[in-house]
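Student: Take this structure, written in structure tokens, and hold onto it; I'll ask about it next.
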Amino acid sequence: MSASAIRAVTHLPFSELQALLKRVFLRHGCSETVAAVLAENCASAQRDGAHSHGVFRIPGYVSTLASGWVDGQARPQVTDVAAGVVRVDAMGGFAQPALAAARPLLVEKARSAGIAVLAIHNSHHFAALWPDVEPFAEQGLVALSVVNSMTCVVPHGARKPLFGTNPIAFAAPCADAHPIVFDMATSAMAHGDVQIAARQGEQLPPGMGVDSQGQPTRDPRAILEGGALLPFGGHKGSALSMMVELLAAALTGGHFSWEFDWSAHPGAKTPWTGQLIILIDPTKAEGERFAQRSRELVEQMQAAGLQRMPGERRYRAREAAARDGVALDAQELDALRALAL
Ligand code: NDP
Ligand code: PYC
């Protein structure tokens, strides 16, 4: 039995968890605005069962804020660059408040031009990516986002780690249903899941990573301590990870995953990189039919035997949380309460 299986689980209403997390962020140096945005993000991940980016991340946020590596009070600077381009300097703060600050202008541009790009740089992203795209699909827009992270993935055919775990998230409206959403690291496994496996003393499936000698390993500690992850799907995932570096860093003016040095900030965990979001207004391309066409696609996939859509596990967890409260490890909840004091 794994260590996690014998730990007590407790349940908290979403609003209570959100308020507790906001107190933690405020207590550890974030402004009111930043604390509110991060608390909603983190509580949403916990609610949806996205455990590698829920309250598991709080110690990392706290140690990073204490190290001075990230500015929890940063005020993002939004620039209206062109008909379809918005740029935000996150000013060394978190990416999500930068997105929140640019959001009204970005949506306005997407609706008028049919497409708009948001380029965020000088930003830290330590969270799941789906919360950044799903709300756009709820407004009828198609959204694609990429963010790069920190060097821990060996490009396919290379000898040394270079890429980050570099996730890609996509969201599209679907008639009479939740938006279609996927959100995936381009590494074989998210770094957060490797940390969770290490904490729980579990072995990984084969093919996730290599040890410090470049040899395949199933030991999460060997990956975390001098080893590296592999891209998912060999050369194909590697190409997508390369694309993420180009779009999230080169195109936005952010750092590549290997370009920042946090060694002078012990405790720093958040990658200082960039993020790109592309929004499309489907009514400009396909009239009002897009959401219905999405629905047809899902129905055909289901008729072909599909048992589970991407995003479906999260939506089910969300329903359960609305009914029973958000599930939390009781020890983790105690630790959160202590961090809020
Ligand atoms: P997963 O491999 O768990 O899931 C990837 C996607 O596939 C999800 O949309 C998931 O849906 C879907 N999915 C999973 N299993 C199935 C299945 N059997 N059938 C159909 N769809 C399926 O995610 P990752 O481990 O790659 O990433 C986890 C999180 O880590 C992401 O939220 C990502 O954004 C985050 N991350 C953040 C980074 C950062 O720098 N900020 C870096 C790397 C990762 P569902 O959600 O419903 O399970
Ligand atoms: O899980 O790979 C990850 C990750 C990196 C940065 C934030 N999450």
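Residues are referred to by chain and number: the chain letter is A, B, ... according to the order shown in the structure tokens, the number counts from 1 in that chain, and ligands are numbered separately from 1 in the order shown.
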Near Leu279 (chain A), counting only C-alpha atoms, which residues have an atom at most 7 Å away, once you skip same-chain residues fewer than 6 positions from it, shown as JSON, numbers by chain?

Tutor: {"A": [110, 115, 116, 117, 141, 142, 143, 144]}

Student: Export N, CA and C atoms of the chosen residues as a PDB file, in the first residue's frame?

Tutor:
```
ATOM      1  N   ALA A 110      -9.833  39.790 -30.195  1.00  0.00           N
ATOM      2  CA  ALA A 110     -10.214  38.521 -30.841  1.00  0.00           C
ATOM      3  C   ALA A 110     -11.599  38.645 -31.466  1.00  0.00           C
ATOM      4  N   ILE A 115      -9.026  36.978 -34.552  1.00  0.00           N
ATOM      5  CA  ILE A 115      -7.924  36.260 -33.906  1.00  0.00           C
ATOM      6  C   ILE A 115      -7.060  37.271 -33.162  1.00  0.00           C
ATOM      7  N   ALA A 116      -6.527  36.856 -32.032  1.00  0.00           N
ATOM      8  CA  ALA A 116      -5.629  37.745 -31.293  1.00  0.00           C
ATOM      9  C   ALA A 116      -4.631  36.907 -30.507  1.00  0.00           C
ATOM     10  N   VAL A 117      -3.453  37.488 -30.350  1.00  0.00           N
ATOM     11  CA  VAL A 117      -2.362  36.802 -29.661  1.00  0.00           C
ATOM     12  C   VAL A 117      -1.989  37.598 -28.420  1.00  0.00           C
ATOM     13  N   LEU A 141     -15.038  31.262 -27.363  1.00  0.00           N
ATOM     14  CA  LEU A 141     -13.796  31.430 -28.129  1.00  0.00           C
ATOM     15  C   LEU A 141     -12.963  30.150 -28.105  1.00  0.00           C
ATOM     16  N   VAL A 142     -12.141  29.981 -29.129  1.00  0.00           N
ATOM     17  CA  VAL A 142     -11.177  28.879 -29.161  1.00  0.00           C
ATOM     18  C   VAL A 142      -9.860  29.431 -28.617  1.00  0.00           C
ATOM     19  N   ALA A 143      -9.221  28.696 -27.726  1.00  0.00           N
ATOM     20  CA  ALA A 143      -7.982  29.204 -27.106  1.00  0.00           C
ATOM     21  C   ALA A 143      -6.903  28.134 -27.109  1.00  0.00           C
ATOM     22  N   LEU A 144      -5.685  28.573 -27.409  1.00  0.00           N
ATOM     23  CA  LEU A 144      -4.522  27.686 -27.375  1.00  0.00           C
ATOM     24  C   LEU A 144      -3.437  28.401 -26.579  1.00  0.00           C
TER      25      LEU A 144
END
```

Student: Restrict the calculation to only C-alpha atoms and all ligand atoms, then for each residue of chain A with any atom at most 7 Å from an atom of ligand 1 give the closest atom pair and their distance in Å to one decimal, rows by chain and rising residue number, as a Markdown table.

Tutor:
```
| residue | atom | partner | partner_atom_place_in_ligand_line | distance |
| --- | --- | --- | --- | --- |
| A:Ala50 | CA | ligand 1 | 32 (O) | 6.7 |
| A:Ser52 | CA | ligand 1 | 30 (O) | 6.4 |
| A:His53 | CA | ligand 1 | 30 (O) | 6.5 |
| A:His125 | CA | ligand 1 | 41 (N) | 4.8 |
| A:Phe126 | CA | ligand 1 | 41 (N) | 4.3 |
| A:Ala127 | CA | ligand 1 | 41 (N) | 4.4 |
| A:Ala128 | CA | ligand 1 | 32 (O) | 3.6 |
| A:Leu129 | CA | ligand 1 | 34 (O) | 3.9 |
| A:Trp130 | CA | ligand 1 | 32 (O) | 6.0 |
| A:Val147 | CA | ligand 1 | 40 (O) | 5.9 |
| A:Asn148 | CA | ligand 1 | 40 (O) | 5.6 |
| A:Ser149 | CA | ligand 1 | 40 (O) | 4.4 |
| A:Thr165 | CA | ligand 1 | 43 (C) | 4.6 |
| A:Asn166 | CA | ligand 1 | 42 (C) | 5.1 |
| A:Pro167 | CA | ligand 1 | 43 (C) | 4.8 |
| A:Ile168 | CA | ligand 1 | 34 (O) | 6.8 |
| A:Ala169 | CA | ligand 1 | 34 (O) | 6.7 |
| A:Val181 | CA | ligand 1 | 9 (O) | 6.1 |
| A:Phe182 | CA | ligand 1 | 9 (O) | 3.4 |
| A:Asp183 | CA | ligand 1 | 9 (O) | 4.2 |
| A:Met184 | CA | ligand 1 | 26 (O) | 3.6 |
| A:Ala185 | CA | ligand 1 | 26 (O) | 3.6 |
| A:Thr186 | CA | ligand 1 | 26 (O) | 6.6 |
| A:Ser187 | CA | ligand 1 | 26 (O) | 7.0 |
| A:Met189 | CA | ligand 1 | 25 (O) | 5.1 |
| A:Ala190 | CA | ligand 1 | 25 (O) | 4.5 |
| A:His191 | CA | ligand 1 | 43 (C) | 6.5 |
| A:Gly192 | CA | ligand 1 | 30 (O) | 6.9 |
| A:Asp193 | CA | ligand 1 | 25 (O) | 6.7 |
| A:Pro271 | CA | ligand 1 | 40 (O) | 6.9 |
| A:Arg308 | CA | ligand 1 | 19 (N) | 5.1 |
| A:Met309 | CA | ligand 1 | 20 (C) | 4.8 |
| A:Pro310 | CA | ligand 1 | 21 (N) | 3.5 |
| A:Gly311 | CA | ligand 1 | 47 (O) | 3.1 |
| A:Glu312 | CA | ligand 1 | 47 (O) | 4.4 |
| A:Arg313 | CA | ligand 1 | 47 (O) | 3.8 |
| A:Arg314 | CA | ligand 1 | 47 (O) | 4.5 |
| A:Tyr315 | CA | ligand 1 | 47 (O) | 7.0 |
```

Student: Using only C-alpha atoms and all ligand atoms, find the one residue out of A:Gly140, A:Ser257, A:Ser31, A:Glu134 that sits nearest to ligand 2.

Tutor: A:Ser257

Student: Between A:Ala90, A:Leu230, A:Cys152, A:Leu246, which is the closest to ligand 2 once you count only C-alpha atoms and all ligand atoms?

Tutor: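 With only C-alpha atoms and all ligand atoms as the atom set, the closest residue is A:Cys152.
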
Student: Please identify the alpha helix (DSSP H) residues within region 87-268 of chain A (assignment by DSSP from backbone atoms) and present them as JSON, numbers by chain.

Tutor: {"A": [95, 96, 97, 98, 99, 100, 101, 102, 103, 104, 105, 106, 107, 108, 109, 110, 111, 112, 113, 130, 131, 132, 133, 134, 135, 136, 137, 138, 191, 192, 193, 194, 195, 196, 197, 198, 199, 200, 220, 221, 222, 223, 224, 235, 236, 237, 238, 239, 240, 241, 242, 243, 244]}

Student: Could you write out the selected residues, including N, CA and C atoms, as a compact mmCIF listing (two decimals), in the first residue's frame?

Tutor:
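Final file, out32.txt:
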```
# COMPACT_ATOMS: atom_id res chain seq x y z
N ALA A 95 2.39 34.74 -14.08
CA ALA A 95 1.77 34.88 -15.40
C ALA A 95 0.26 35.08 -15.32
N GLN A 96 -0.38 34.45 -14.34
CA GLN A 96 -1.85 34.51 -14.32
C GLN A 96 -2.40 35.91 -14.06
N PRO A 97 -1.82 36.69 -13.13
CA PRO A 97 -2.29 38.08 -13.00
C PRO A 97 -2.01 38.91 -14.26
N ALA A 98 -0.93 38.55 -14.98
CA ALA A 98 -0.65 39.26 -16.25
C ALA A 98 -1.75 38.95 -17.26
N LEU A 99 -2.14 37.68 -17.32
CA LEU A 99 -3.25 37.30 -18.21
C LEU A 99 -4.54 38.02 -17.80
N ALA A 100 -4.79 38.07 -16.50
CA ALA A 100 -6.02 38.72 -16.02
C ALA A 100 -6.03 40.20 -16.41
N ALA A 101 -4.87 40.84 -16.33
CA ALA A 101 -4.80 42.28 -16.65
C ALA A 101 -5.03 42.51 -18.15
N ALA A 102 -4.57 41.59 -18.98
CA ALA A 102 -4.67 41.78 -20.44
C ALA A 102 -5.98 41.24 -21.02
N ARG A 103 -6.68 40.49 -20.24
CA ARG A 103 -7.82 39.72 -20.74
C ARG A 103 -8.89 40.56 -21.48
N PRO A 104 -9.36 41.67 -20.90
CA PRO A 104 -10.43 42.42 -21.60
C PRO A 104 -9.98 42.89 -22.98
N LEU A 105 -8.75 43.41 -23.08
CA LEU A 105 -8.25 43.91 -24.37
C LEU A 105 -8.07 42.74 -25.35
N LEU A 106 -7.58 41.63 -24.86
CA LEU A 106 -7.36 40.45 -25.72
C LEU A 106 -8.68 39.95 -26.31
N VAL A 107 -9.69 39.85 -25.47
CA VAL A 107 -10.99 39.35 -25.94
C VAL A 107 -11.60 40.35 -26.95
N GLU A 108 -11.48 41.62 -26.63
CA GLU A 108 -12.00 42.66 -27.55
C GLU A 108 -11.34 42.52 -28.93
N LYS A 109 -10.02 42.30 -28.94
CA LYS A 109 -9.30 42.17 -30.21
C LYS A 109 -9.71 40.89 -30.94
N ALA A 110 -9.83 39.79 -30.20
CA ALA A 110 -10.21 38.52 -30.84
C ALA A 110 -11.60 38.64 -31.47
N ARG A 111 -12.48 39.35 -30.78
CA ARG A 111 -13.84 39.48 -31.31
C ARG A 111 -13.87 40.42 -32.52
N SER A 112 -13.02 41.43 -32.55
CA SER A 112 -13.07 42.35 -33.69
C SER A 112 -12.24 41.85 -34.86
N ALA A 113 -11.05 41.29 -34.60
CA ALA A 113 -10.19 40.85 -35.72
C ALA A 113 -10.43 39.38 -36.07
N TRP A 130 -4.70 24.56 -18.07
CA TRP A 130 -6.10 24.59 -18.51
C TRP A 130 -6.90 25.75 -17.90
N PRO A 131 -6.61 26.20 -16.63
CA PRO A 131 -7.41 27.34 -16.14
C PRO A 131 -7.21 28.61 -16.97
N ASP A 132 -6.12 28.67 -17.74
CA ASP A 132 -5.86 29.85 -18.56
C ASP A 132 -6.69 29.83 -19.85
N VAL A 133 -7.10 28.64 -20.29
CA VAL A 133 -7.82 28.58 -21.58
C VAL A 133 -9.31 28.25 -21.45
N GLU A 134 -9.66 27.45 -20.48
CA GLU A 134 -11.06 26.99 -20.38
C GLU A 134 -12.08 28.14 -20.32
N PRO A 135 -11.81 29.20 -19.53
CA PRO A 135 -12.81 30.29 -19.46
C PRO A 135 -13.07 30.96 -20.80
N PHE A 136 -12.06 30.98 -21.70
CA PHE A 136 -12.30 31.59 -23.02
C PHE A 136 -13.32 30.75 -23.81
N ALA A 137 -13.19 29.44 -23.72
CA ALA A 137 -14.13 28.56 -24.45
C ALA A 137 -15.54 28.72 -23.88
N GLU A 138 -15.62 28.99 -22.58
CA GLU A 138 -16.94 29.22 -21.98
C GLU A 138 -17.57 30.49 -22.54
N HIS A 191 6.73 17.21 -14.31
CA HIS A 191 7.71 17.20 -13.23
C HIS A 191 7.01 17.03 -11.88
N GLY A 192 5.84 17.66 -11.75
CA GLY A 192 5.08 17.56 -10.50
C GLY A 192 4.71 16.13 -10.18
N ASP A 193 4.34 15.36 -11.21
CA ASP A 193 3.97 13.95 -10.96
C ASP A 193 5.19 13.11 -10.59
N VAL A 194 6.35 13.48 -11.11
CA VAL A 194 7.58 12.77 -10.71
C VAL A 194 7.84 13.05 -9.22
N GLN A 195 7.65 14.31 -8.82
CA GLN A 195 7.86 14.66 -7.40
C GLN A 195 6.88 13.90 -6.50
N ILE A 196 5.63 13.80 -6.97
CA ILE A 196 4.62 13.10 -6.15
C ILE A 196 4.99 11.62 -6.03
N ALA A 197 5.42 11.01 -7.14
CA ALA A 197 5.83 9.59 -7.09
C ALA A 197 7.01 9.41 -6.14
N ALA A 198 7.95 10.36 -6.18
CA ALA A 198 9.13 10.26 -5.29
C ALA A 198 8.67 10.35 -3.83
N ARG A 199 7.77 11.28 -3.56
CA ARG A 199 7.27 11.47 -2.19
C ARG A 199 6.56 10.21 -1.69
N GLN A 200 5.88 9.53 -2.61
CA GLN A 200 5.09 8.35 -2.22
C GLN A 200 5.89 7.05 -2.34
N PRO A 220 11.90 7.73 -9.57
CA PRO A 220 11.67 9.18 -9.69
C PRO A 220 12.80 10.01 -9.07
N ARG A 221 13.41 9.49 -8.00
CA ARG A 221 14.50 10.25 -7.36
C ARG A 221 15.70 10.37 -8.28
N ALA A 222 15.95 9.32 -9.04
CA ALA A 222 17.09 9.36 -9.97
C ALA A 222 16.85 10.41 -11.07
N ILE A 223 15.59 10.59 -11.43
CA ILE A 223 15.25 11.62 -12.43
C ILE A 223 15.41 13.01 -11.82
N LEU A 224 14.95 13.16 -10.58
CA LEU A 224 14.98 14.48 -9.94
C LEU A 224 16.39 14.88 -9.50
N HIS A 235 10.48 11.62 -31.06
CA HIS A 235 10.78 12.83 -31.85
C HIS A 235 9.56 13.74 -32.00
N LYS A 236 8.34 13.17 -31.88
CA LYS A 236 7.14 14.00 -32.10
C LYS A 236 6.90 14.95 -30.91
N GLY A 237 6.96 14.38 -29.69
CA GLY A 237 6.82 15.23 -28.51
C GLY A 237 7.97 16.23 -28.41
N SER A 238 9.14 15.78 -28.84
CA SER A 238 10.31 16.65 -28.78
C SER A 238 10.13 17.87 -29.70
N ALA A 239 9.55 17.62 -30.88
CA ALA A 239 9.29 18.74 -31.81
C ALA A 239 8.27 19.71 -31.21
N LEU A 240 7.26 19.15 -30.54
CA LEU A 240 6.26 20.04 -29.92
C LEU A 240 6.89 20.85 -28.78
N SER A 241 7.79 20.22 -28.02
CA SER A 241 8.45 20.94 -26.93
C SER A 241 9.32 22.07 -27.50
N MET A 242 9.99 21.78 -28.61
CA MET A 242 10.79 22.81 -29.29
C MET A 242 9.88 23.97 -29.73
N MET A 243 8.71 23.62 -30.26
CA MET A 243 7.75 24.66 -30.67
C MET A 243 7.35 25.52 -29.48
N VAL A 244 7.13 24.87 -28.34
CA VAL A 244 6.74 25.63 -27.14
C VAL A 244 7.84 26.61 -26.75
```

Student: Given the choices A:Ala35, A:Ala228, A:Ala249, A:Ala321, which gets closest to ligand 2 if the distance is worked out from only C-alpha atoms and all ligand atoms?

Tutor: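 Of A:Ala35, A:Ala228, A:Ala249, A:Ala321, the one nearest ligand 2 is A:Ala228, counting only C-alpha atoms and all ligand atoms.
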
Student: Counting only C-alpha atoms and all ligand atoms, figure out which residue out of A:Phe14, A:Phe260, A:Trp272, A:Phe25 gets nearest to ligand 2.

Tutor: A:Trp272

Student: Report as a list in words all protein, DNA and RNA residues lying within 9 Å of Pro216 (chain A), evaluated on only C-alpha atoms, omitting residues in the same chain fewer than 4 positions from it.

Tutor: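 Close residues of Pro216 (chain A): Pro206, Gly207, Met208, Gly209, Val210 and Asp211 of chain A.
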
Student: How would the residues just picked look written out with N, CA and C atoms as an mmCIF file, in the first residue's frame?

Tutor:
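Writing done, so here's part-v1.cif:
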```
data_model
loop_
_atom_site.group_PDB
_atom_site.id
_atom_site.type_symbol
_atom_site.label_atom_id
_atom_site.label_comp_id
_atom_site.auth_asym_id
_atom_site.auth_seq_id
_atom_site.Cartn_x
_atom_site.Cartn_y
_atom_site.Cartn_z
ATOM 1 N N PRO A 206 7.903 2.525 -17.308
ATOM 2 C CA PRO A 206 9.117 2.645 -18.130
ATOM 3 C C PRO A 206 8.990 3.781 -19.147
ATOM 4 N N GLY A 207 10.121 4.352 -19.531
ATOM 5 C CA GLY A 207 10.124 5.319 -20.639
ATOM 6 C C GLY A 207 9.910 6.766 -20.238
ATOM 7 N N MET A 208 9.894 7.051 -18.924
ATOM 8 C CA MET A 208 9.638 8.432 -18.486
ATOM 9 C C MET A 208 10.920 9.262 -18.447
ATOM 10 N N GLY A 209 12.031 8.628 -18.026
ATOM 11 C CA GLY A 209 13.236 9.445 -17.855
ATOM 12 C C GLY A 209 14.503 8.641 -17.742
ATOM 13 N N VAL A 210 15.581 9.388 -17.516
ATOM 14 C CA VAL A 210 16.916 8.775 -17.419
ATOM 15 C C VAL A 210 17.598 9.261 -16.140
ATOM 16 N N ASP A 211 18.611 8.486 -15.686
ATOM 17 C CA ASP A 211 19.362 8.890 -14.495
ATOM 18 C C ASP A 211 20.523 9.814 -14.895
#
```

Student: Point out the residue among A:His51, A:Lys284, A:Arg7, A:Arg323 with the least atom-to-atom distance to ligand 2, counting only C-alpha atoms and all ligand atoms.

Tutor: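 Going through A:His51, A:Lys284, A:Arg7, A:Arg323 one by one, the smallest distance to ligand 2 is for A:His51.
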
Student: Name the residues of region 148-306 of chain A that fall into strand (DSSP E) according to DSSP on the backbone, using the chain letters and numbers of this document, as a JSON list (two decimals) with C-alpha atoms, in the first residue's frame.

Tutor:
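Done, and the output landed in selection12.json:
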```json
[["chain", "number", "residue", "atom", "x", "y", "z"],
["A", 168, "ILE", "CA", 0.20, 22.84, -24.38],
["A", 169, "ALA", "CA", -3.43, 23.56, -23.50],
["A", 170, "PHE", "CA", -6.37, 23.89, -25.88],
["A", 171, "ALA", "CA", -10.02, 24.74, -25.28],
["A", 172, "ALA", "CA", -12.98, 24.94, -27.66],
["A", 180, "ILE", "CA", -13.48, 20.47, -25.02],
["A", 181, "VAL", "CA", -10.18, 20.93, -23.19],
["A", 182, "PHE", "CA", -6.87, 19.19, -23.18],
["A", 183, "ASP", "CA", -3.79, 20.22, -21.24],
["A", 184, "MET", "CA", -0.62, 18.16, -21.45],
["A", 209, "GLY", "CA", 13.24, 9.44, -17.85],
["A", 210, "VAL", "CA", 16.92, 8.78, -17.42],
["A", 216, "PRO", "CA", 16.75, 4.62, -18.47],
["A", 217, "THR", "CA", 15.33, 4.57, -14.95],
["A", 228, "ALA", "CA", 16.08, 14.07, -16.64],
["A", 229, "LEU", "CA", 12.71, 13.44, -18.21],
["A", 272, "TRP", "CA", 10.96, 32.57, -15.10],
["A", 273, "THR", "CA", 9.96, 32.24, -18.73],
["A", 274, "GLY", "CA", 7.07, 33.31, -21.00],
["A", 275, "GLN", "CA", 3.63, 32.30, -22.20],
["A", 276, "LEU", "CA", 1.70, 32.66, -25.45],
["A", 277, "ILE", "CA", -2.08, 32.56, -25.82],
["A", 278, "ILE", "CA", -3.85, 32.51, -29.19],
["A", 279, "LEU", "CA", -7.57, 33.30, -29.22],
["A", 280, "ILE", "CA", -9.85, 32.68, -32.20]]
```

Student: For ligand 2, which of A:Gln331, A:Thr270, A:Gln302, A:Ser67 is the closest residue, counting only C-alpha atoms and all ligand atoms?

Tutor: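 Nearest to ligand 2: A:Thr270.
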
Student: Do a neighbour search on Val55 (chain A) at 12 Å with only C-alpha atoms, toss out local chain neighbours closer than 3 positions, and write the hits as a VMD selection string.

Tutor: chain A and resid 17 to 18 20 to 22 24 to 25 38 to 52 58 to 62 126 to 128 192 326 to 337 339

Student: May I ask for the distance between CA of Arg159 (chain A) and CA of Gly234 (chain A), given in Å to one decimal place?

Tutor: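 Separation of CA of Arg159 (chain A) and CA of Gly234 (chain A): 13.7 Å.
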
Student: In Å, how far is it from CA of Asp281 (chain A) to CA of Arg293 (chain A)?

Tutor: 14.5 Å
